[in-house]
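Student: Take a look at input.tsv, TSV, C-alpha atoms:
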```tsv
chain	number	residue	atom	x	y	z
D	1	MET	CA	39.80	28.34	-19.38
D	2	GLY	CA	36.42	27.51	-17.94
D	3	VAL	CA	33.18	27.93	-19.84
D	4	ARG	CA	30.37	29.88	-18.21
D	5	LEU	CA	27.65	27.64	-16.77
D	6	ASP	CA	24.03	28.53	-17.52
D	7	LYS	CA	21.51	29.15	-14.76
D	8	PRO	CA	18.42	26.98	-14.47
D	9	LEU	CA	15.23	28.36	-16.00
D	10	GLU	CA	12.95	29.33	-13.13
D	11	ILE	CA	9.19	29.54	-13.72
D	12	GLY	CA	7.11	29.83	-10.56
D	13	PRO	CA	8.06	26.78	-8.48
D	14	LEU	CA	9.88	25.11	-11.38
D	15	GLN	CA	13.62	24.91	-11.91
D	16	LEU	CA	14.44	23.55	-15.33
D	17	THR	CA	17.87	22.60	-16.63
D	18	SER	CA	16.55	22.08	-20.14
D	19	ARG	CA	15.22	25.13	-21.94
D	20	LEU	CA	13.39	22.99	-24.45
D	21	LEU	CA	9.76	22.33	-23.53
D	22	MET	CA	7.84	19.68	-25.42
D	23	GLY	CA	4.23	18.99	-26.28
D	24	SER	CA	2.77	15.48	-26.22
D	25	GLY	CA	0.31	15.74	-29.12
D	26	ARG	CA	0.18	14.30	-32.64
D	27	TYR	CA	2.58	11.41	-32.10
D	28	ALA	CA	1.95	8.15	-33.98
D	29	SER	CA	2.07	6.21	-30.69
D	30	HIS	CA	2.76	6.65	-26.99
D	31	GLU	CA	6.05	4.81	-27.53
D	32	GLU	CA	7.17	7.28	-30.18
D	33	MET	CA	6.20	10.17	-27.92
D	34	VAL	CA	8.25	8.80	-25.03
D	35	ALA	CA	11.27	8.23	-27.29
D	36	CYS	CA	11.02	11.84	-28.51
D	37	LEU	CA	10.63	13.28	-25.02
D	38	GLU	CA	13.72	11.39	-23.93
D	39	ALA	CA	15.75	12.41	-26.99
D	40	SER	CA	14.75	16.06	-26.53
D	41	GLY	CA	16.03	16.26	-22.96
D	42	ALA	CA	12.88	18.23	-22.06
D	43	GLU	CA	11.76	18.30	-18.44
D	44	LEU	CA	8.41	20.09	-18.83
D	45	ILE	CA	5.77	18.46	-21.01
D	46	THR	CA	2.45	19.97	-22.07
D	47	VAL	CA	-0.79	17.96	-22.09
D	48	ALA	CA	-4.37	18.82	-23.03
D	49	VAL	CA	-7.65	18.28	-21.14
D	50	ARG	CA	-10.46	16.58	-23.03
D	51	ARG	CA	-13.72	14.74	-22.40
D	52	VAL	CA	-13.31	11.04	-21.70
D	53	ASN	CA	-14.50	9.16	-24.77
D	54	LEU	CA	-17.29	7.03	-23.28
D	55	ASP	CA	-17.89	5.01	-26.45
D	56	GLN	CA	-14.37	3.95	-27.16
D	57	ARG	CA	-12.17	3.28	-24.16
D	58	ALA	CA	-8.47	3.79	-24.82
D	59	GLY	CA	-6.36	0.94	-23.47
D	60	THR	CA	-4.01	3.17	-21.52
D	61	SER	CA	-4.03	6.83	-20.65
D	62	LEU	CA	-1.37	9.36	-21.48
D	63	LEU	CA	-0.03	9.60	-17.95
D	64	ASP	CA	0.61	5.85	-17.86
D	65	HIS	CA	3.40	6.62	-20.32
D	66	ILE	CA	4.96	9.78	-18.91
D	67	ASP	CA	7.24	9.14	-15.94
D	68	ARG	CA	6.29	11.90	-13.51
D	69	GLU	CA	9.49	11.41	-11.52
D	70	ARG	CA	11.35	12.52	-14.60
D	71	PHE	CA	8.98	14.91	-16.35
D	72	GLN	CA	6.88	17.77	-14.98
D	73	ILE	CA	3.45	18.14	-16.55
D	74	LEU	CA	2.09	21.44	-17.85
D	75	PRO	CA	-1.62	21.24	-18.70
D	76	ASN	CA	-2.89	23.59	-21.39
D	77	THR	CA	-6.24	25.15	-22.18
D	78	ALA	CA	-5.88	24.53	-25.92
D	79	GLY	CA	-9.11	24.69	-27.86
D	80	CYS	CA	-10.73	27.23	-25.55
D	81	TYR	CA	-12.25	30.17	-27.41
D	82	GLU	CA	-13.95	31.74	-24.39
D	83	VAL	CA	-12.37	33.00	-21.18
D	84	SER	CA	-14.94	30.98	-19.20
D	85	ASP	CA	-13.95	27.74	-20.96
D	86	ALA	CA	-10.26	28.41	-20.35
D	87	LEU	CA	-10.95	28.99	-16.64
D	88	ARG	CA	-12.99	25.77	-16.35
D	89	THR	CA	-10.31	23.80	-18.16
D	90	ALA	CA	-7.55	25.21	-15.94
D	91	ARG	CA	-9.49	24.28	-12.79
D	92	LEU	CA	-10.16	20.75	-14.06
D	93	ALA	CA	-6.47	20.37	-14.90
D	94	ARG	CA	-5.45	21.50	-11.42
D	95	GLU	CA	-7.83	18.94	-9.95
D	96	LEU	CA	-6.46	16.18	-12.22
D	97	LEU	CA	-2.78	16.89	-11.70
D	98	ASP	CA	-2.63	18.68	-8.38
D	99	THR	CA	-0.50	21.35	-10.01
D	100	PRO	CA	-0.87	25.14	-10.03
D	101	LEU	CA	0.82	25.28	-13.45
D	102	VAL	CA	-1.22	26.10	-16.52
D	103	LYS	CA	-0.34	27.02	-20.06
D	104	LEU	CA	-3.16	29.44	-20.72
D	105	GLU	CA	-4.52	29.53	-24.24
D	106	VAL	CA	-7.52	31.66	-25.16
D	107	ILE	CA	-7.82	31.20	-28.89
D	108	GLY	CA	-9.38	33.84	-31.13
D	109	ASP	CA	-10.77	31.71	-33.93
D	110	PRO	CA	-10.43	28.17	-35.28
D	111	HIS	CA	-9.06	29.25	-38.65
D	112	THR	CA	-5.92	31.11	-37.55
D	113	LEU	CA	-5.65	29.66	-34.01
D	114	LEU	CA	-4.12	33.00	-33.09
D	115	PRO	CA	-4.53	33.92	-29.43
D	116	ASP	CA	-7.24	36.36	-28.31
D	117	PRO	CA	-5.07	38.97	-26.56
D	118	ILE	CA	-7.83	40.61	-24.54
D	119	GLY	CA	-9.30	37.31	-23.34
D	120	THR	CA	-5.82	36.08	-22.47
D	121	VAL	CA	-5.12	39.08	-20.23
D	122	GLU	CA	-8.54	38.78	-18.55
D	123	ALA	CA	-8.11	35.04	-17.90
D	124	THR	CA	-4.55	35.58	-16.64
D	125	ARG	CA	-5.76	38.03	-13.97
D	126	ILE	CA	-8.49	35.67	-12.77
D	127	LEU	CA	-6.28	32.57	-12.67
D	128	VAL	CA	-3.45	34.40	-10.90
D	129	ASP	CA	-6.00	35.48	-8.26
D	130	GLU	CA	-6.96	31.83	-7.86
D	131	GLY	CA	-3.34	30.87	-7.21
D	132	PHE	CA	-2.40	29.49	-10.61
D	133	VAL	CA	1.09	29.79	-12.05
D	134	VAL	CA	0.09	31.11	-15.46
D	135	MET	CA	2.25	30.63	-18.51
D	136	ALA	CA	0.43	32.75	-21.04
D	137	TYR	CA	0.41	31.84	-24.71
D	138	CYS	CA	0.14	35.09	-26.63
D	139	SER	CA	0.94	36.84	-29.87
D	140	ASP	CA	4.38	38.39	-30.34
D	141	ASP	CA	3.22	41.95	-29.64
D	142	PRO	CA	5.78	43.35	-27.17
D	143	ARG	CA	3.20	45.60	-25.46
D	144	LEU	CA	0.90	42.62	-24.89
D	145	VAL	CA	3.78	40.68	-23.37
D	146	ALA	CA	4.42	43.58	-20.97
D	147	THR	CA	0.71	43.75	-20.08
D	148	LEU	CA	0.70	40.03	-19.27
D	149	GLU	CA	3.65	40.55	-16.97
D	150	GLN	CA	1.69	43.26	-15.14
D	151	ALA	CA	-1.33	40.93	-14.99
D	152	GLY	CA	0.74	38.51	-12.93
D	153	ALA	CA	1.75	35.86	-15.45
D	154	ALA	CA	4.69	33.65	-14.41
D	155	ALA	CA	5.94	33.34	-17.98
D	156	VAL	CA	4.99	34.74	-21.36
D	157	MET	CA	4.83	32.48	-24.38
D	158	PRO	CA	4.71	34.53	-27.57
D	159	ALA	CA	4.08	32.58	-30.76
D	160	GLY	CA	6.89	32.53	-33.29
D	161	SER	CA	4.23	32.13	-35.99
D	162	PRO	CA	0.80	30.44	-36.13
D	163	ILE	CA	0.42	27.07	-34.35
D	164	GLY	CA	1.62	24.19	-36.50
D	165	SER	CA	2.65	26.47	-39.39
D	166	GLY	CA	6.36	25.67	-39.21
D	167	ARG	CA	7.16	29.21	-40.35
D	168	GLY	CA	9.63	29.83	-37.56
D	169	VAL	CA	10.10	33.20	-35.88
D	170	ALA	CA	8.09	35.43	-38.21
D	171	ASN	CA	9.08	38.68	-36.51
D	172	PRO	CA	12.46	38.39	-34.80
D	173	GLY	CA	12.45	42.09	-33.90
D	174	ASN	CA	9.26	41.67	-31.88
D	175	ILE	CA	10.77	38.85	-29.84
D	176	GLU	CA	13.86	40.97	-29.13
D	177	ILE	CA	11.78	43.99	-28.15
D	178	ALA	CA	9.53	41.83	-25.96
D	179	ARG	CA	12.62	40.39	-24.30
D	180	SER	CA	13.84	43.89	-23.51
D	181	LEU	CA	10.49	44.92	-21.96
D	182	VAL	CA	9.93	42.12	-19.45
D	183	GLU	CA	11.83	40.39	-16.67
D	184	LEU	CA	9.66	37.28	-16.88
D	185	PRO	CA	10.77	34.08	-18.55
D	186	LEU	CA	9.92	34.36	-22.24
D	187	ILE	CA	9.26	31.09	-24.05
D	188	VAL	CA	8.80	31.13	-27.82
D	189	ASP	CA	5.86	28.85	-28.46
D	190	ALA	CA	4.22	27.73	-31.68
D	191	GLY	CA	5.21	27.86	-35.32
D	192	LEU	CA	8.79	26.65	-35.04
D	193	GLY	CA	9.60	24.20	-37.82
D	194	THR	CA	13.20	23.11	-37.63
D	195	ALA	CA	16.43	23.38	-35.67
D	196	SER	CA	17.50	26.77	-37.07
D	197	ASP	CA	14.16	28.27	-35.92
D	198	VAL	CA	14.88	27.08	-32.38
D	199	ALA	CA	18.45	28.37	-32.48
D	200	LEU	CA	17.25	31.77	-33.73
D	201	ALA	CA	14.60	32.06	-31.01
D	202	MET	CA	17.23	31.35	-28.36
D	203	GLU	CA	19.77	33.71	-29.95
D	204	LEU	CA	17.16	36.48	-29.78
D	205	GLY	CA	17.09	36.04	-26.01
D	206	ALA	CA	14.19	33.66	-25.44
D	207	ASP	CA	14.57	31.77	-22.16
D	208	GLY	CA	13.16	28.65	-23.78
D	209	VAL	CA	11.11	27.24	-26.61
D	210	LEU	CA	8.09	24.95	-26.71
D	211	LEU	CA	7.79	22.50	-29.58
D	212	ASN	CA	5.27	19.93	-30.63
D	213	SER	CA	4.34	19.65	-34.33
D	214	ALA	CA	7.91	20.24	-35.51
D	215	VAL	CA	9.01	17.06	-33.76
D	216	ALA	CA	5.87	14.91	-33.94
D	217	GLY	CA	5.36	15.70	-37.62
D	218	ALA	CA	8.96	15.20	-38.76
D	219	GLU	CA	9.74	12.22	-40.97
D	220	GLU	CA	11.99	10.93	-38.19
D	221	PRO	CA	10.61	12.42	-34.99
D	222	VAL	CA	13.26	11.06	-32.62
D	223	LEU	CA	16.10	12.40	-34.77
D	224	MET	CA	14.36	15.78	-34.95
D	225	ALA	CA	13.96	15.79	-31.17
D	226	ARG	CA	17.71	15.34	-30.84
D	227	ALA	CA	18.34	18.10	-33.40
D	228	MET	CA	16.08	20.46	-31.45
D	229	LYS	CA	17.92	19.70	-28.21
D	230	SER	CA	21.24	20.62	-29.81
D	231	ALA	CA	19.78	23.73	-31.46
D	232	CYS	CA	18.30	24.96	-28.19
D	233	ARG	CA	21.62	24.63	-26.40
D	234	ALA	CA	23.56	26.13	-29.29
D	235	GLY	CA	21.24	29.12	-29.52
D	236	ARG	CA	21.32	29.70	-25.78
D	237	ASP	CA	25.11	29.48	-25.63
D	238	ALA	CA	25.41	31.89	-28.56
D	239	TYR	CA	23.07	34.35	-26.83
D	240	LEU	CA	25.08	34.21	-23.61
D	241	ALA	CA	28.36	34.41	-25.52
D	242	GLY	CA	27.28	37.64	-27.24
D	243	ARG	CA	27.46	37.62	-31.00
D	244	ILE	CA	29.54	40.04	-33.08
D	245	PRO	CA	27.65	42.89	-34.67
D	246	SER	CA	26.43	42.25	-38.18
D	247	ARG	CA	28.17	44.56	-40.70
D	248	LEU	CA	27.89	45.22	-44.39
D	249	HIS	CA	31.54	45.05	-45.34
D	250	ALA	CA	34.36	42.60	-44.74
D	251	GLN	CA	36.74	42.82	-41.84
D	252	ALA	CA	39.79	40.55	-42.16
D	253	SER	CA	40.48	38.13	-39.35
D	254	SER	CA	44.09	37.55	-40.49
D	255	PRO	CA	46.69	40.31	-40.05
D	256	ALA	CA	46.69	42.84	-42.88
D	257	THR	CA	50.45	43.33	-42.57
D	258	GLY	CA	53.50	41.11	-43.07
D	259	LEU	CA	52.25	39.79	-46.41
D	260	LEU	CA	54.66	38.30	-48.98
D	261	GLY	CA	55.96	40.85	-51.45
D	262	GLU	CA	54.89	43.71	-49.29
D	263	ALA	CA	56.72	46.88	-50.33
D	264	LEU	CA	59.04	48.14	-47.62
D	265	SER	CA	59.00	51.85	-47.04
D	266	LEU	CA	62.64	52.89	-46.76
G	1	MET	CA	-47.48	8.21	-6.16
G	2	MET	CA	-44.80	5.80	-7.26
G	3	GLN	CA	-41.28	7.14	-7.10
G	4	ARG	CA	-39.30	6.93	-10.32
G	5	MET	CA	-36.58	4.29	-10.03
G	6	SER	CA	-34.12	5.95	-12.36
G	7	LEU	CA	-33.16	9.36	-13.57
G	8	THR	CA	-31.47	10.67	-16.70
G	9	LEU	CA	-28.23	12.67	-16.72
G	10	ALA	CA	-26.26	14.16	-19.57
G	11	VAL	CA	-22.72	12.79	-19.38
G	12	ASN	CA	-20.31	14.38	-21.85
G	13	GLY	CA	-23.31	15.44	-23.86
G	14	LYS	CA	-24.98	12.03	-23.98
G	15	PRO	CA	-28.00	10.72	-22.02
G	16	GLN	CA	-27.16	8.32	-19.20
G	17	GLU	CA	-29.67	6.56	-16.92
G	18	VAL	CA	-28.73	5.91	-13.30
G	19	PRO	CA	-30.78	4.57	-10.38
G	20	THR	CA	-32.44	7.21	-8.24
G	21	GLY	CA	-30.26	8.09	-5.27
G	22	SER	CA	-27.01	7.37	-7.11
G	23	LEU	CA	-23.86	9.13	-5.94
G	24	LEU	CA	-21.01	10.20	-8.19
G	25	PRO	CA	-18.88	7.10	-7.49
G	26	ASP	CA	-21.84	4.92	-8.58
G	27	LEU	CA	-21.95	6.74	-11.91
G	28	LEU	CA	-18.20	6.37	-12.42
G	29	LYS	CA	-18.48	2.66	-11.73
G	30	THR	CA	-21.30	2.36	-14.28
G	31	LEU	CA	-19.13	4.16	-16.82
G	32	GLY	CA	-16.16	1.88	-16.10
G	33	LEU	CA	-14.19	4.83	-14.74
G	34	ALA	CA	-13.96	3.84	-11.07
G	35	ASP	CA	-10.15	3.85	-11.09
G	36	ALA	CA	-9.57	6.23	-13.97
G	37	GLN	CA	-7.73	9.51	-13.58
G	38	VAL	CA	-10.54	11.93	-14.32
G	39	ALA	CA	-11.88	15.26	-13.13
G	40	LEU	CA	-15.55	16.21	-13.01
G	41	GLU	CA	-17.88	19.12	-13.44
G	42	ILE	CA	-21.57	19.13	-12.66
G	43	ASN	CA	-23.56	21.88	-14.36
G	44	GLY	CA	-20.38	23.82	-15.12
G	45	GLU	CA	-18.97	23.66	-11.57
G	46	LEU	CA	-15.90	21.64	-10.66
G	47	VAL	CA	-16.62	18.93	-8.10
G	48	PRO	CA	-13.42	18.16	-6.16
G	49	LYS	CA	-12.64	14.49	-5.72
G	50	ARG	CA	-13.03	14.65	-1.93
G	51	LYS	CA	-16.68	15.61	-2.44
G	52	TRP	CA	-17.53	12.81	-4.88
G	53	PRO	CA	-18.61	10.23	-2.26
G	54	VAL	CA	-21.38	12.48	-0.91
G	55	ARG	CA	-22.48	14.11	-4.15
G	56	GLU	CA	-25.99	12.99	-5.13
G	57	LEU	CA	-27.09	13.15	-8.72
G	58	SER	CA	-30.27	14.86	-9.88
G	59	ALA	CA	-32.30	14.41	-13.04
G	60	GLY	CA	-30.98	16.63	-15.81
G	61	ASP	CA	-27.53	17.15	-14.29
G	62	ARG	CA	-25.00	18.00	-16.98
G	63	ILE	CA	-21.82	16.14	-16.13
G	64	GLU	CA	-18.46	16.58	-17.79
G	65	VAL	CA	-15.85	13.89	-17.25
G	66	VAL	CA	-12.40	14.85	-18.51
G	67	THR	CA	-8.95	13.36	-18.64
G	68	LEU	CA	-5.54	14.24	-20.06
G	69	VAL	CA	-4.56	13.65	-23.67
G	70	GLY	CA	-1.58	14.55	-25.79
G	71	GLY	CA	-1.36	18.21	-26.70
G	72	GLY	CA	0.94	21.16	-27.16
```
Using structure tokens, write down the structure that the file contains.

Tutor:
Amino acid sequence: MGVRLDKPLEIGPLQLTSRLLMGSGRYASHEEMVACLEASGAELITVAVRRVNLDQRAGTSLLDHIDRERFQILPNTAGCYEVSDALRTARLARELLDTPLVKLEVIGDPHTLLPDPIGTVEATRILVDEGFVVMAYCSDDPRLVATLEQAGAAAVMPAGSPIGSGRGVANPGNIEIARSLVELPLIVDAGLGTASDVALAMELGADGVLLNSAVAGAEEPVLMARAMKSACRAGRDAYLAGRIPSRLHAQASSPATGLLGEALSL
Amino acid sequence: MMQRMSLTLAVNGKPQEVPTGSLLPDLLKTLGLADAQVALEINGELVPKRKWPVRELSAGDRIEVVTLVGGG
């Protein structure tokens, strides 16, 4: 009996076989990052845009290490607290990479790093008008996710929990409701800590997950990258397979009849 | 009146002297970024790479030079 094959994940012009997206930040070295990207099986990798450090020249740049034949690059607007800064950063990224893709982040404040929902919607509309393929990082409010779809986003990226917190999917119900409201690819981004968080996000119906700190900050990052790859596939397969309903009481899986010593009714 | 031979820019927030009449590629060479993968803004406006060779620099220009780094 054949097993159902999954479809590729389509986001704008992208067709991804792997539903695990990876960040490139916080690794101990470029070599460790590359080993993790390879172990994860990810095809889409996020990067950030920053000022060139004019005092201290790095020996090599990030893109010297990421094989662009193998990996697609998704620039982000991380660290932008104003819509105007996010727009400038997106335009600079497009110029640098010659890509319409952007992971839009408009952050509300530096303490929580939670997204500014109103700024995110405003920036999405402007960037979509300018021809960007906007993957919008947002909170897990289902109505916000629906509004971003109407604003023209190519994908919505609700946070599981605050960036780098490792708290996993804080509100599974919101992810499920969001999933039911939009047709767009839904990628759970931020806050995932370990493999079971990834599996849960996928079981809830996410089309993908984006990870960074959970892998880069693990004691053995490459091993964690492999764990996340397995979890993502397991969660996706379980979602497609359709789980049994959860119930309070037991339901035997072995026949309840034909037991030894069973009284015969004559 | 003698013409000033150099002018001062702000590059990534720091003062930078360049000879009067410098173009953007001259500045990048001075900064050691001639072959680097960078993108540029002058006074908050993106300057596409195809326009760099003809873009003159003026005293007080605020220039941002950015590149890609690791991030999520």

Student: Restricting the calculation to all atoms listed in the file, which member of D:Gln15, D:Thr194, D:Glu95, D:Arg68 is positioned closest to Val38 of chain G?

Tutor: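 The closest residue to Val38 of chain G is D:Glu95.
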
Student: Considering only C-alpha atoms, extract the chain G residues located within 6 Å of chain D and return them as a CSV table (one decimal) with C-alpha atoms, keeping the file's coordinate frame.

Tutor:
```
chain,number,residue,atom,x,y,z
G,39,ALA,CA,-11.9,15.3,-13.1
G,65,VAL,CA,-15.8,13.9,-17.2
G,66,VAL,CA,-12.4,14.8,-18.5
G,67,THR,CA,-9.0,13.4,-18.6
G,68,LEU,CA,-5.5,14.2,-20.1
G,69,VAL,CA,-4.6,13.6,-23.7
G,70,GLY,CA,-1.6,14.6,-25.8
G,71,GLY,CA,-1.4,18.2,-26.7
G,72,GLY,CA,0.9,21.2,-27.2
```

Student: Which distance in Å separates atom CA of Leu101 of chain D and atom CA of Val133 of chain D, to one decimal?

Tutor: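 About the pair atom CA of Leu101 of chain D and atom CA of Val133 of chain D: they are 4.7 Å apart.
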
Student: May I ask for the distance between atom CA of Leu40 of chain G and atom CA of Ile107 of chain D, given in Å to one decimal place?

Tutor: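 Taking atom CA of Leu40 of chain G and atom CA of Ile107 of chain D, their separation equals 23.2 Å.
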
Student: Could you list as a PyMOL selection string every residue that has an atom within 8 Å of (21.9, 27.2, -28.6), using the file's coordinates and counting all atoms listed in the file?

Tutor: chain D and resi 198-199+202-203+230-239

Student: Find the distance between atom CA of Ala214 of chain D and atom CA of Gly193 of chain D and write it in Å to one decimal.

Tutor: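 Atom CA of Gly193 of chain D lies at a distance of 4.9 Å from atom CA of Ala214 of chain D.
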
Student: Do you know which residues are at most 7 Å from segment 48-55 of chain G counting all atoms listed in the file, after dropping those on the same chain fewer than 4 positions away, and could you put them as a VMD selection string?

Tutor: (chain D and resid 95) or (chain G and resid 23 to 25)

Student: List the neighbours of Ile11 of chain D out to 7 Å using all atoms listed in the file; skip same-chain residues closer than 3 positions along the sequence, and give me the result as a PDB file with C-alpha atoms, keeping the file's coordinate frame.

Tutor:
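Saved file out21.pdb follows:
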```
ATOM      1  CA  LEU D  14       9.880  25.110 -11.380  1.00  0.00           C
ATOM      2  CA  GLN D  15      13.620  24.910 -11.910  1.00  0.00           C
ATOM      3  CA  ALA D 154       4.690  33.650 -14.410  1.00  0.00           C
ATOM      4  CA  ALA D 155       5.940  33.340 -17.980  1.00  0.00           C
ATOM      5  CA  PRO D 185      10.770  34.080 -18.550  1.00  0.00           C
TER       6      PRO D 185
END
```

Student: Can you tell me which residues surround Ile118 of chain D at a distance of at most 12 Å, considering only C-alpha atoms, apart from same-chain residues fewer than 6 positions away, and format the answer as JSON, numbers by chain?

Tutor: {"D": [81, 82, 83, 105, 106, 107, 108, 124, 125, 136, 138, 139, 144, 145, 147, 148, 151]}

Student: Could you pull out every residue with an atom within 8 Å of (4.6, 41.2, -33.8), file coordinates, counting only C-alpha atoms, and send them as a list in words?

Tutor: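 Those residues, ordered by chain and then number, are Ser139, Asp140, Asp141, Pro142, Asn171, Gly173, Asn174 and Ile175 of chain D.
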
Student: Between D:Arg243, D:Arg4, D:Arg179, D:Lys229, single out the one closest to Asp207 of chain D, counting only C-alpha atoms.

Tutor: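 Comparing D:Arg243, D:Arg4, D:Arg179, D:Lys229 against Asp207 of chain D, the winner is D:Arg179.
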
Student: Starting from the incomplete input, reconstruct N, CA and C atoms of segment 20-33 of chain G and report them as a PDB file, in the frame of the given file.

Tutor:
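Wrote it out as result.pdb, contents follow:
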```pdb
ATOM      1  N   THR G  20     -32.171   6.087  -9.137  1.00  0.00           N
ATOM      2  CA  THR G  20     -32.440   7.210  -8.240  1.00  0.00           C
ATOM      3  C   THR G  20     -31.618   7.047  -6.965  1.00  0.00           C
ATOM      4  N   GLY G  21     -31.069   8.145  -6.484  1.00  0.00           N
ATOM      5  CA  GLY G  21     -30.260   8.090  -5.270  1.00  0.00           C
ATOM      6  C   GLY G  21     -28.795   7.775  -5.520  1.00  0.00           C
ATOM      7  N   SER G  22     -28.410   7.669  -6.800  1.00  0.00           N
ATOM      8  CA  SER G  22     -27.010   7.370  -7.110  1.00  0.00           C
ATOM      9  C   SER G  22     -26.102   8.515  -6.671  1.00  0.00           C
ATOM     10  N   LEU G  23     -24.902   8.144  -6.256  1.00  0.00           N
ATOM     11  CA  LEU G  23     -23.860   9.130  -5.940  1.00  0.00           C
ATOM     12  C   LEU G  23     -22.851   9.120  -7.087  1.00  0.00           C
ATOM     13  N   LEU G  24     -21.989  10.102  -7.102  1.00  0.00           N
ATOM     14  CA  LEU G  24     -21.010  10.200  -8.190  1.00  0.00           C
ATOM     15  C   LEU G  24     -20.177   8.929  -8.372  1.00  0.00           C
ATOM     16  N   PRO G  25     -19.671   8.320  -7.282  1.00  0.00           N
ATOM     17  CA  PRO G  25     -18.880   7.100  -7.490  1.00  0.00           C
ATOM     18  C   PRO G  25     -19.676   5.978  -8.157  1.00  0.00           C
ATOM     19  N   ASP G  26     -21.014   5.940  -7.910  1.00  0.00           N
ATOM     20  CA  ASP G  26     -21.840   4.920  -8.580  1.00  0.00           C
ATOM     21  C   ASP G  26     -21.837   5.148 -10.086  1.00  0.00           C
ATOM     22  N   LEU G  27     -21.956   6.421 -10.475  1.00  0.00           N
ATOM     23  CA  LEU G  27     -21.950   6.740 -11.910  1.00  0.00           C
ATOM     24  C   LEU G  27     -20.614   6.347 -12.540  1.00  0.00           C
ATOM     25  N   LEU G  28     -19.517   6.683 -11.853  1.00  0.00           N
ATOM     26  CA  LEU G  28     -18.200   6.370 -12.420  1.00  0.00           C
ATOM     27  C   LEU G  28     -18.020   4.869 -12.588  1.00  0.00           C
ATOM     28  N   LYS G  29     -18.563   4.120 -11.637  1.00  0.00           N
ATOM     29  CA  LYS G  29     -18.480   2.660 -11.730  1.00  0.00           C
ATOM     30  C   LYS G  29     -19.268   2.178 -12.960  1.00  0.00           C
ATOM     31  N   THR G  30     -20.471   2.716 -13.120  1.00  0.00           N
ATOM     32  CA  THR G  30     -21.300   2.360 -14.280  1.00  0.00           C
ATOM     33  C   THR G  30     -20.575   2.653 -15.583  1.00  0.00           C
ATOM     34  N   LEU G  31     -19.835   3.758 -15.595  1.00  0.00           N
ATOM     35  CA  LEU G  31     -19.130   4.160 -16.820  1.00  0.00           C
ATOM     36  C   LEU G  31     -17.808   3.415 -16.993  1.00  0.00           C
ATOM     37  N   GLY G  32     -17.446   2.586 -16.011  1.00  0.00           N
ATOM     38  CA  GLY G  32     -16.160   1.880 -16.100  1.00  0.00           C
ATOM     39  C   GLY G  32     -14.987   2.788 -15.787  1.00  0.00           C
ATOM     40  N   LEU G  33     -15.244   3.850 -15.025  1.00  0.00           N
ATOM     41  CA  LEU G  33     -14.190   4.830 -14.740  1.00  0.00           C
ATOM     42  C   LEU G  33     -13.828   4.888 -13.254  1.00  0.00           C
TER      43      LEU G  33
END
```
